[in-house]
>>> print(open('run31.cif').read())   # mmCIF, C-alpha atoms and all ligand atoms
data_data
loop_
_atom_site.label_atom_id
_atom_site.label_comp_id
_atom_site.auth_asym_id
_atom_site.auth_seq_id
_atom_site.Cartn_x
_atom_site.Cartn_y
_atom_site.Cartn_z
CA MET A 1 8.67 -6.85 3.51
CA ARG A 2 12.16 -6.17 4.75
CA ARG A 3 11.63 -8.13 7.94
CA ILE A 4 12.23 -11.37 6.13
CA ALA A 5 15.64 -10.29 4.95
CA LEU A 6 16.53 -9.16 8.45
CA LEU A 7 15.49 -12.49 9.92
CA ILE A 8 17.52 -14.42 7.44
CA LEU A 9 20.51 -12.29 8.32
CA SER A 10 20.07 -12.96 12.03
CA LEU A 11 19.63 -16.62 11.19
CA LEU A 12 23.03 -16.65 9.48
CA ALA A 13 24.57 -15.27 12.63
CA PHE A 14 22.97 -18.07 14.63
CA LEU A 15 24.33 -20.64 12.21
CA ALA A 16 27.79 -19.25 12.30
CA ARG A 17 27.84 -19.79 16.03
CA SER A 18 26.18 -23.15 16.12
CA ALA A 19 26.80 -25.15 12.92
CA ALA A 20 23.32 -26.59 13.24
CA ALA A 21 22.55 -30.19 12.55
CA GLN A 22 19.02 -31.39 11.92
CA THR A 23 17.41 -33.77 14.34
CA GLY A 24 13.86 -34.93 13.72
CA ALA A 25 11.05 -32.94 15.32
CA SER A 26 10.14 -34.23 18.73
CA PRO A 27 6.46 -34.42 19.64
CA ALA A 28 7.12 -34.00 23.38
CA LEU A 29 6.27 -30.78 25.18
CA GLU A 30 9.27 -29.36 27.00
CA ARG A 31 9.66 -26.39 29.32
CA LEU A 32 12.71 -24.26 28.65
CA LYS A 33 14.13 -21.40 30.66
CA TRP A 34 16.89 -19.22 29.27
CA ARG A 35 18.42 -15.76 29.37
CA ASP A 36 18.95 -13.96 26.08
CA ASP A 37 21.92 -11.74 25.19
CA ASP A 38 20.23 -8.77 26.90
CA ALA A 39 19.94 -10.86 30.10
CA GLN A 40 16.16 -11.02 29.69
CA ALA A 41 14.68 -14.17 31.21
CA HIS A 42 12.37 -16.37 29.08
CA GLU A 43 10.26 -19.38 29.97
CA VAL A 44 8.52 -21.10 27.08
CA ALA A 45 6.77 -24.46 26.70
CA GLY A 46 7.19 -25.89 23.23
CA LYS A 47 8.85 -28.50 21.09
CA ILE A 48 12.45 -28.62 19.92
CA LEU A 49 12.66 -28.54 16.12
CA THR A 50 16.41 -28.57 15.70
CA GLU A 51 19.31 -29.32 18.01
CA ALA A 52 22.72 -28.11 16.86
CA ASP A 53 25.96 -29.99 17.37
CA ASP A 54 27.10 -27.36 19.86
CA GLY A 55 23.87 -27.56 21.89
CA GLY A 56 22.08 -24.60 20.25
CA LEU A 57 18.31 -25.13 20.03
CA LEU A 58 15.47 -24.11 17.74
CA LEU A 59 12.29 -24.13 19.84
CA ILE A 60 8.72 -23.59 18.67
CA GLY A 61 6.23 -22.41 21.30
CA GLN A 62 2.61 -23.52 21.50
CA ASP A 63 1.70 -20.18 19.91
CA GLY A 64 3.87 -20.97 16.87
CA ARG A 65 6.66 -18.56 17.75
CA LEU A 66 10.22 -19.68 16.96
CA TRP A 67 13.08 -19.16 19.39
CA THR A 68 16.78 -19.75 18.86
CA ILE A 69 18.66 -20.51 22.06
CA ASP A 70 22.43 -20.79 22.34
CA LYS A 71 23.71 -23.38 24.79
CA PRO A 72 25.29 -20.85 27.21
CA GLN A 73 21.93 -19.04 27.43
CA LEU A 74 20.03 -22.13 28.55
CA VAL A 75 19.06 -22.23 32.25
CA SER A 76 16.92 -25.37 32.34
CA ARG A 77 15.14 -27.83 30.04
CA ASP A 78 12.46 -30.13 31.43
CA ASP A 79 10.13 -32.70 29.94
CA ALA A 80 6.55 -31.56 30.58
CA ARG A 81 5.39 -35.20 30.34
CA GLU A 82 2.70 -34.44 27.82
CA PRO A 83 2.62 -34.23 24.03
CA PHE A 84 3.10 -30.93 22.23
CA ARG A 85 -0.17 -29.31 21.21
CA PRO A 86 -0.66 -25.93 19.54
CA LEU A 87 -2.73 -23.46 21.60
CA PRO A 88 -6.36 -23.35 20.48
CA HIS A 89 -7.74 -19.99 19.28
CA ALA A 90 -9.35 -18.99 22.59
CA ALA A 91 -6.28 -19.77 24.70
CA LEU A 92 -4.04 -17.92 22.26
CA ALA A 93 -6.38 -14.90 22.34
CA LYS A 94 -6.11 -14.88 26.15
CA GLN A 95 -2.31 -15.13 26.03
CA LEU A 96 -2.09 -12.21 23.59
CA GLN A 97 -4.36 -10.08 25.76
CA ALA A 98 -2.21 -10.85 28.81
CA GLU A 99 0.88 -9.83 26.84
CA LEU A 100 -0.47 -6.63 25.30
CA GLY A 101 -2.76 -5.30 28.01
CA ARG A 102 -6.40 -5.07 29.01
CA GLU A 103 -7.19 -2.33 26.52
CA PHE A 104 -6.70 -4.91 23.76
CA ASP A 105 -9.74 -6.71 22.42
CA THR A 106 -9.67 -9.98 20.46
CA VAL A 107 -11.52 -11.00 17.32
CA VAL A 108 -11.41 -14.69 16.41
CA THR A 109 -12.20 -16.07 12.95
CA LYS A 110 -11.81 -19.56 11.49
CA HIS A 111 -8.04 -19.24 10.94
CA TYR A 112 -7.12 -16.00 12.73
CA VAL A 113 -6.75 -14.53 16.17
CA ILE A 114 -6.70 -10.75 15.93
CA CYS A 115 -5.62 -8.82 18.99
CA THR A 116 -6.44 -5.16 18.66
CA SER A 117 -6.48 -1.75 20.28
CA ALA A 118 -8.32 -0.40 17.22
CA ARG A 119 -12.08 -0.27 16.87
CA ARG A 120 -13.65 -3.71 16.82
CA GLY A 121 -15.29 -3.03 13.46
CA TYR A 122 -11.88 -2.49 11.88
CA ALA A 123 -10.48 -5.74 13.34
CA GLN A 124 -13.56 -7.58 12.05
CA TRP A 125 -13.03 -6.06 8.62
CA CYS A 126 -9.40 -7.30 8.73
CA GLY A 127 -10.55 -10.79 9.74
CA ALA A 128 -12.99 -10.99 6.83
CA LEU A 129 -10.34 -9.73 4.39
CA PHE A 130 -7.76 -12.26 5.61
CA GLU A 131 -10.22 -15.16 5.45
CA ARG A 132 -11.12 -14.29 1.84
CA LEU A 133 -7.44 -14.09 0.93
CA TYR A 134 -6.76 -17.37 2.75
CA LEU A 135 -9.48 -19.17 0.84
CA SER A 136 -8.48 -17.76 -2.51
CA PHE A 137 -4.76 -18.50 -1.93
CA HIS A 138 -5.52 -22.13 -1.06
CA ASN A 139 -7.94 -22.53 -3.97
CA TYR A 140 -5.56 -20.91 -6.43
CA TRP A 141 -2.71 -23.30 -5.66
CA LYS A 142 -4.91 -26.37 -5.22
CA GLN A 143 -6.22 -25.82 -8.74
CA ARG A 144 -2.62 -25.74 -9.94
CA GLY A 145 -1.64 -29.01 -8.28
CA MET A 146 0.16 -27.67 -5.20
CA LYS A 147 -0.73 -29.55 -2.04
CA LEU A 148 -1.23 -27.17 0.85
CA VAL A 149 -2.16 -27.91 4.46
CA GLU A 150 -4.21 -26.18 7.14
CA PRO A 151 -2.04 -24.08 9.46
CA GLU A 152 -0.71 -25.86 12.56
CA PHE A 153 -1.25 -22.70 14.66
CA PRO A 154 -3.94 -20.00 14.60
CA LEU A 155 -2.67 -17.07 12.51
CA VAL A 156 -2.05 -14.03 14.69
CA ALA A 157 -2.52 -10.40 13.69
CA LEU A 158 -1.89 -7.51 16.06
CA VAL A 159 -3.81 -4.44 14.93
CA PHE A 160 -2.91 -1.18 16.66
CA ALA A 161 -5.29 1.76 16.87
CA THR A 162 -2.84 4.31 15.47
CA GLU A 163 0.30 4.55 13.39
CA LYS A 164 2.13 5.93 16.43
CA GLU A 165 1.29 2.92 18.65
CA PHE A 166 2.27 0.61 15.78
CA ALA A 167 5.61 2.39 15.28
CA ALA A 168 6.48 2.14 18.98
CA PHE A 169 5.73 -1.59 19.06
CA ALA A 170 7.41 -2.28 15.70
CA THR A 171 10.62 -0.55 16.74
CA LYS A 172 10.95 -2.82 19.77
CA ASP A 173 9.72 -5.95 18.00
CA ALA A 174 11.45 -5.71 14.64
CA GLY A 175 13.71 -2.66 14.53
CA ALA A 176 13.42 0.98 13.56
CA ASP A 177 13.34 0.39 9.81
CA VAL A 178 9.92 -1.31 9.89
CA ALA A 179 8.35 1.45 12.02
CA SER A 180 7.56 3.49 8.91
CA ALA A 181 5.90 0.54 7.10
CA LYS A 182 2.13 -0.02 6.89
CA GLY A 183 2.63 -3.38 8.53
CA TYR A 184 4.89 -6.42 8.55
CA TYR A 185 4.93 -10.19 9.00
CA SER A 186 7.62 -11.61 11.24
CA ILE A 187 8.83 -15.12 10.42
CA GLY A 188 10.13 -15.51 13.99
CA THR A 189 6.98 -14.57 15.90
CA ASN A 190 4.70 -15.76 13.04
CA ARG A 191 2.60 -12.64 13.61
CA MET A 192 1.36 -9.89 11.37
CA VAL A 193 1.61 -6.45 12.93
CA LEU A 194 -0.65 -3.76 11.48
CA TYR A 195 -2.54 -0.62 12.39
CA ASP A 196 -5.92 0.93 11.63
CA LEU A 197 -5.41 2.54 8.21
CA THR A 198 -8.55 4.63 8.74
CA SER A 199 -7.43 6.05 12.10
CA SER A 200 -6.27 9.38 10.67
CA ASP A 201 -9.54 9.77 8.76
CA ALA A 202 -11.83 12.34 10.34
CA THR A 203 -15.07 10.58 9.36
CA PRO A 204 -16.33 8.10 11.92
CA ILE A 205 -15.87 4.47 10.98
CA GLY A 206 -18.87 2.82 9.41
CA ASP A 207 -19.52 -0.57 7.90
CA ALA A 208 -17.21 -2.70 5.74
CA SER A 209 -17.91 -0.75 2.56
CA ASP A 210 -16.99 2.53 4.33
CA ILE A 211 -13.71 0.95 5.44
CA ASN A 212 -13.07 -0.32 1.89
CA ARG A 213 -13.52 3.20 0.61
CA GLN A 214 -11.35 4.77 3.30
CA VAL A 215 -8.40 2.36 2.96
CA SER A 216 -8.54 2.55 -0.85
CA ALA A 217 -8.23 6.34 -0.77
CA VAL A 218 -4.51 6.10 -0.05
CA PRO A 219 -2.62 4.34 -2.87
CA TYR A 220 -0.80 1.18 -1.89
CA ASN A 221 -2.19 1.17 1.65
CA ILE A 222 -4.19 -1.98 1.38
CA ALA A 223 -1.72 -3.75 -0.94
CA THR A 224 0.83 -3.77 1.90
CA VAL A 225 -1.63 -5.40 4.28
CA ILE A 226 -2.51 -8.05 1.70
CA HIS A 227 1.17 -8.55 0.89
CA GLU A 228 2.01 -9.28 4.53
CA ALA A 229 -1.06 -11.51 4.96
CA THR A 230 0.03 -13.51 1.91
CA HIS A 231 3.48 -14.04 3.44
CA GLN A 232 1.86 -15.35 6.62
CA ILE A 233 -0.45 -17.73 4.74
CA ALA A 234 2.39 -19.02 2.53
CA PHE A 235 4.58 -19.69 5.60
CA ASN A 236 1.73 -21.51 7.37
CA SER A 237 0.33 -23.66 4.58
CA GLY A 238 3.33 -25.89 3.92
CA MET A 239 4.39 -23.76 0.94
CA HIS A 240 7.40 -22.14 2.63
CA THR A 241 9.19 -23.44 5.72
CA ARG A 242 10.05 -20.86 8.36
CA TYR A 243 13.83 -20.57 8.87
CA ALA A 244 14.59 -22.65 5.79
CA ASP A 245 16.56 -21.13 2.92
CA ASN A 246 13.71 -19.67 0.86
CA PRO A 247 15.00 -17.51 -2.03
CA LEU A 248 13.70 -14.02 -1.39
CA TRP A 249 12.69 -13.43 -5.02
CA LEU A 250 10.29 -16.40 -4.70
CA VAL A 251 8.87 -15.40 -1.30
CA GLU A 252 8.41 -11.75 -2.32
CA GLY A 253 7.19 -12.68 -5.79
CA MET A 254 4.47 -14.81 -4.21
CA ALA A 255 3.30 -11.98 -1.94
CA MET A 256 3.31 -9.49 -4.84
CA TYR A 257 1.40 -11.89 -7.07
CA PHE A 258 -1.52 -11.69 -4.65
CA GLU A 259 -1.25 -8.09 -3.44
CA THR A 260 -3.60 -6.50 -5.97
CA PRO A 261 -6.64 -5.78 -3.80
CA ASP A 262 -10.11 -7.07 -4.54
CA LEU A 263 -12.44 -5.32 -2.13
CA SER A 264 -15.51 -5.46 -4.32
CA SER A 265 -16.20 -9.15 -3.80
CA LYS A 266 -17.54 -10.51 -0.53
CA THR A 267 -16.68 -14.12 -1.21
CA GLY A 268 -13.82 -14.34 -3.70
CA TRP A 269 -10.62 -12.66 -4.74
CA LYS A 270 -10.84 -12.14 -8.45
CA THR A 271 -7.58 -10.24 -8.75
CA ALA A 272 -5.24 -13.07 -7.65
CA GLY A 273 -2.49 -12.90 -10.25
CA ALA A 274 -3.75 -9.71 -11.88
CA VAL A 275 -1.10 -7.58 -13.56
CA ASN A 276 0.48 -5.53 -10.80
CA ASP A 277 0.72 -2.07 -12.39
CA GLU A 278 2.96 -0.65 -9.69
CA ARG A 279 5.55 -3.45 -10.00
CA LEU A 280 5.32 -3.61 -13.80
CA GLY A 281 5.90 0.16 -14.03
CA GLN A 282 8.94 -0.11 -11.78
CA PHE A 283 10.30 -3.03 -13.81
CA ARG A 284 9.89 -1.18 -17.10
CA ASN A 285 11.66 1.82 -15.61
CA PHE A 286 14.45 -0.49 -14.37
CA LEU A 287 14.91 -1.62 -17.98
CA SER A 288 14.49 1.68 -19.81
CA ALA A 289 16.68 3.70 -17.43
CA GLY A 290 19.53 1.24 -18.01
CA ARG A 291 19.86 0.12 -14.38
CA ARG A 292 19.32 -3.57 -15.19
CA LYS A 293 22.66 -5.35 -15.57
CA PRO A 294 23.27 -8.27 -17.96
CA ASP A 295 23.63 -10.71 -15.03
CA SER A 296 20.47 -9.44 -13.33
CA LEU A 297 18.55 -12.71 -13.47
CA LYS A 298 21.51 -14.65 -12.12
CA THR A 299 22.09 -12.31 -9.17
CA LEU A 300 18.39 -12.33 -8.34
CA LEU A 301 18.23 -16.13 -8.35
CA SER A 302 21.46 -16.83 -6.52
CA SER A 303 21.32 -14.39 -3.60
CA ASP A 304 19.04 -12.08 -1.57
CA ALA A 305 21.64 -9.30 -1.54
CA ARG A 306 19.86 -6.89 -3.89
CA PHE A 307 16.79 -6.81 -1.63
CA ASN A 308 18.93 -5.53 1.22
CA GLU A 309 20.55 -2.65 -0.65
CA ALA A 310 18.47 0.48 -0.15
CA GLU A 311 18.99 1.75 -3.71
CA ALA A 312 18.51 -1.59 -5.45
CA ALA A 313 15.60 -2.99 -3.42
CA ALA A 314 12.68 -1.50 -5.39
CA ASP A 315 14.14 -2.84 -8.66
CA ALA A 316 14.79 -6.25 -7.07
CA TYR A 317 11.16 -6.43 -5.93
CA ALA A 318 9.95 -5.41 -9.38
CA GLU A 319 12.11 -8.04 -11.07
CA ALA A 320 10.98 -10.66 -8.55
CA TRP A 321 7.38 -9.81 -9.42
CA ALA A 322 8.08 -9.96 -13.18
CA LEU A 323 9.89 -13.29 -12.93
CA SER A 324 7.24 -14.82 -10.66
CA PHE A 325 4.41 -13.58 -12.85
CA TYR A 326 6.07 -14.99 -15.97
CA LEU A 327 6.86 -18.38 -14.38
CA ILE A 328 3.44 -18.85 -12.78
CA ARG A 329 1.69 -17.99 -16.05
CA SER A 330 4.02 -19.62 -18.58
CA LYS A 331 5.82 -22.41 -16.69
CA LYS A 332 3.11 -23.46 -14.29
CA GLU A 333 4.14 -27.09 -13.83
CA ALA A 334 7.82 -26.31 -13.39
CA TYR A 335 6.92 -23.56 -10.93
CA VAL A 336 4.83 -25.94 -8.79
CA LYS A 337 7.65 -28.49 -8.96
CA TYR A 338 10.06 -25.81 -7.75
CA LEU A 339 7.67 -24.76 -4.95
CA ASN A 340 7.45 -28.38 -3.83
CA ALA A 341 11.23 -28.75 -3.81
CA LEU A 342 11.58 -25.59 -1.71
CA SER A 343 8.85 -26.57 0.72
CA SER A 344 10.75 -29.67 1.78
CA LYS A 345 13.97 -27.80 2.55
CA PRO A 346 15.39 -28.21 6.07
CA ARG A 347 15.40 -25.37 8.58
CA LEU A 348 18.62 -23.53 9.44
CA VAL A 349 20.56 -24.72 6.42
CA ILE A 350 21.68 -21.92 4.12
CA ASP A 351 22.36 -22.76 0.47
CA THR A 352 25.29 -21.42 -1.51
CA PRO A 353 24.57 -19.26 -4.59
CA GLU A 354 25.54 -22.26 -6.75
CA GLU A 355 23.07 -24.51 -4.96
CA ARG A 356 20.29 -21.99 -5.45
CA LEU A 357 21.01 -21.77 -9.17
CA ALA A 358 21.22 -25.55 -9.51
CA GLU A 359 17.83 -25.94 -7.80
CA PHE A 360 16.30 -23.37 -10.12
CA ARG A 361 17.78 -25.08 -13.19
CA ALA A 362 16.51 -28.47 -12.00
CA ALA A 363 12.97 -27.13 -12.25
CA PHE A 364 13.15 -24.68 -15.18
CA GLY A 365 15.95 -26.07 -17.35
CA ASP A 366 19.52 -25.03 -18.04
CA ASP A 367 18.95 -22.29 -20.56
CA LEU A 368 18.64 -19.19 -18.38
CA GLN A 369 19.38 -16.97 -21.35
CA GLN A 370 16.33 -18.20 -23.24
CA LEU A 371 14.16 -17.97 -20.14
CA GLU A 372 15.23 -14.36 -19.65
CA THR A 373 14.53 -13.48 -23.29
CA ASP A 374 11.06 -15.00 -23.01
CA MET A 375 10.35 -13.24 -19.72
CA LEU A 376 11.36 -9.84 -21.09
CA LYS A 377 9.24 -10.41 -24.18
CA ALA A 378 6.25 -11.28 -21.98
CA MET A 379 6.77 -8.17 -19.85
CA ARG A 380 6.90 -5.96 -22.92
CA ARG A 381 3.59 -7.38 -24.13
CA LEU A 382 1.68 -6.87 -20.85
CA LYS A 383 -0.86 -4.11 -20.66
ZN ZN B 401 7.33 -9.00 1.51
#
>>> encode(input="run31.cif", output="structure tokens")
Amino acid sequence: MRRIALLILSLLAFLARSAAAQTGASPALERLKWRDDDAQAHEVAGKILTEADDGGLLLIGQDGRLWTIDKPQLVSRDDAREPFRPLPHAALAKQLQAELGREFDTVVTKHYVICTSARRGYAQWCGALFERLYLSFHNYWKQRGMKLVEPEFPLVALVFATEKEFAAFATKDAGADVASAKGYYSIGTNRMVLYDLTSSDATPIGDASDINRQVSAVPYNIATVIHEATHQIAFNSGMHTRYADNPLWLVEGMAMYFETPDLSSKTGWKTAGAVNDERLGQFRNFLSAGRRKPDSLKTLLSSDARFNEAEAAADAYAEAWALSFYLIRSKKEAYVKYLNALSSKPRLVIDTPEERLAEFRAAFGDDLQQLETDMLKAMRRLK
């Protein structure tokens, strides 16, 4: 969950150095070599999405990974004389195995490539779970008039056998603060990184219903996995644009709206949009304990800052869930209009707090006070 905030912060740093300007996406495949700030050499074939005025580049690889390259880091840039094509599932599976090692197995489903050091049965269970979520997410928004697209790249999940292996990888990949999470989605790499939630369980792994039972035994275990999978689907369906200025309350609210698990159904996801007891409880506590300030809605809408403050983050998430739940249920058309406006935002352009507020008002009207009153009333009524 916090990875997104971290990426947006690192994105700001990139912008500050490069004052990016948008150029249209180029369909040509190019081969780039560069050295990053740690002097590590990279060679990636991909397409350039954005070229900054100062020569900084935003590159997307054939695996869907995004790279930002400053001009002084660039060693060479050559036209590969062929069009850009995303890697097909099988080729991507091979590339992941080469990267992670021979002890990693791959499980391929319609939309996913899962590379795993966990037991194959667990990776297959993950694949089935993700596909059900994928289908229900697309259906849910299609029914509400939001046009979504199939992902350009296969969706990658790395599933480690143990928490310890996960923590070691996560620390290198995303920083020490995600190592204690149950998993994360990285906007930069476009990958989910997870581990076998049943690995510490003494009973041998059985079929899918055994795994359902085992992962459900620990509260909030499975919700995190679903939360991260929702982020990945939303960023790969045309709903959010990676490296665009997506308000964090919206991105997190979307993931929390879907995170209530539904393991009982084999084909559907009946709990999409169910009342999220955990988040509702936190929000009510936020109110009753007097921590919620009068300008709370405004600060949530205009900046991501509260999500990055250790003490305020849980309340910010809870308020983002409450606001999203209220808007999706009570202002459906305006919410879809707002989603559509956000989905067409350019990459690498950061809005000011005023611009964020103006965009929100353009969809939901000027009277924030009334909207807040109605939202609070709705939250009080929920059971
Ligand atoms: Zn999140």
>>> closest_residue(input="run31.cif", among="A:Ser330, A:Ser344, A:Thr352, A:Met239", to="A:Phe364", atoms="all atoms listed in the file")
A:Ser330
>>> residues_near_ligand(input="run31.cif", ligand="ligand ZN 401 (chain B)", cutoff="10 Å", atoms="all atoms listed in the file", output="ChimeraX atom specification")
/A:1-5,184-185,224,226-232,248-249,251-256,259,317
>>> residues_around(input="run31.cif", residues="A:Lys298", least_positions_apart="5", cutoff="9 Å", atoms="all atoms listed in the file", output="PyMOL selection string")
chain A and resi 303+357+368
>>> residues_around(input="run31.cif", residues="A:Asp105", least_positions_apart="6", cutoff="7 Å", atoms="all atoms listed in the file", output="VMD selection string")
chain A and resid 115 to 117
>>> closest_residue(input="run31.cif", among="A:Ala274, A:Ala244, A:Ile69, A:Leu148", to="A:Ala322", atoms="all atoms listed in the file")
A:Ala274
>>> closest_residue(input="run31.cif", among="A:Ala168, A:Leu287, A:Val107, A:Leu250", to="A:Phe307", atoms="all atoms listed in the file")
A:Leu250
>>> residues_around(input="run31.cif", residues="A:Ser324", least_positions_apart="3", cutoff="12 Å", atoms="all atoms listed in the file", output="ChimeraX atom specification")
/A:247-258,273,275-276,279-280,297,300-301,316-321,327-332,334-336,338-339,375,378-379
>>> write_last_selection(input="run31.cif", atoms="C-alpha atoms", output="JSON list (two decimals), keeping the file's coordinate frame")
[["chain", "number", "residue", "atom", "x", "y", "z"],
["A", 247, "PRO", "CA", 15.00, -17.51, -2.03],
["A", 248, "LEU", "CA", 13.70, -14.02, -1.39],
["A", 249, "TRP", "CA", 12.69, -13.43, -5.02],
["A", 250, "LEU", "CA", 10.29, -16.40, -4.70],
["A", 251, "VAL", "CA", 8.87, -15.40, -1.30],
["A", 252, "GLU", "CA", 8.41, -11.75, -2.32],
["A", 253, "GLY", "CA", 7.19, -12.68, -5.79],
["A", 254, "MET", "CA", 4.47, -14.81, -4.21],
["A", 255, "ALA", "CA", 3.30, -11.98, -1.94],
["A", 256, "MET", "CA", 3.31, -9.49, -4.84],
["A", 257, "TYR", "CA", 1.40, -11.89, -7.07],
["A", 258, "PHE", "CA", -1.52, -11.69, -4.65],
["A", 273, "GLY", "CA", -2.49, -12.90, -10.25],
["A", 275, "VAL", "CA", -1.10, -7.58, -13.56],
["A", 276, "ASN", "CA", 0.48, -5.53, -10.80],
["A", 279, "ARG", "CA", 5.55, -3.45, -10.00],
["A", 280, "LEU", "CA", 5.32, -3.61, -13.80],
["A", 297, "LEU", "CA", 18.55, -12.71, -13.47],
["A", 300, "LEU", "CA", 18.39, -12.33, -8.34],
["A", 301, "LEU", "CA", 18.23, -16.13, -8.35],
["A", 316, "ALA", "CA", 14.79, -6.25, -7.07],
["A", 317, "TYR", "CA", 11.16, -6.43, -5.93],
["A", 318, "ALA", "CA", 9.95, -5.41, -9.38],
["A", 319, "GLU", "CA", 12.11, -8.04, -11.07],
["A", 320, "ALA", "CA", 10.98, -10.66, -8.55],
["A", 321, "TRP", "CA", 7.38, -9.81, -9.42],
["A", 327, "LEU", "CA", 6.86, -18.38, -14.38],
["A", 328, "ILE", "CA", 3.44, -18.85, -12.78],
["A", 329, "ARG", "CA", 1.69, -17.99, -16.05],
["A", 330, "SER", "CA", 4.02, -19.62, -18.58],
["A", 331, "LYS", "CA", 5.82, -22.41, -16.69],
["A", 332, "LYS", "CA", 3.11, -23.46, -14.29],
["A", 334, "ALA", "CA", 7.82, -26.31, -13.39],
["A", 335, "TYR", "CA", 6.92, -23.56, -10.93],
["A", 336, "VAL", "CA", 4.83, -25.94, -8.79],
["A", 338, "TYR", "CA", 10.06, -25.81, -7.75],
["A", 339, "LEU", "CA", 7.67, -24.76, -4.95],
["A", 375, "MET", "CA", 10.35, -13.24, -19.72],
["A", 378, "ALA", "CA", 6.25, -11.28, -21.98],
["A", 379, "MET", "CA", 6.77, -8.17, -19.85]]
>>> atom_distance(input="run31.cif", atom1="atom CA of A:Ala28", atom2="atom CA of A:Glu99")
25.2 Å
>>> closest_residue(input="run31.cif", among="A:Ser237, A:Gln40, A:Asn246, A:Ser76", to="A:Pro346", atoms="only C-alpha atoms")
A:Asn246
>>> residues_around(input="run31.cif", residues="A:Arg291", least_positions_apart="2", cutoff="12 Å", atoms="all atoms listed in the file", output="list in words")
Gln282, Phe283, Arg284, Asn285, Phe286, Leu287, Ser288, Ala289, Lys293, Pro294, Asp295, Ser296, Glu311, Ala312, Ala314, Asp315, Ala316 and Glu319 of chain A
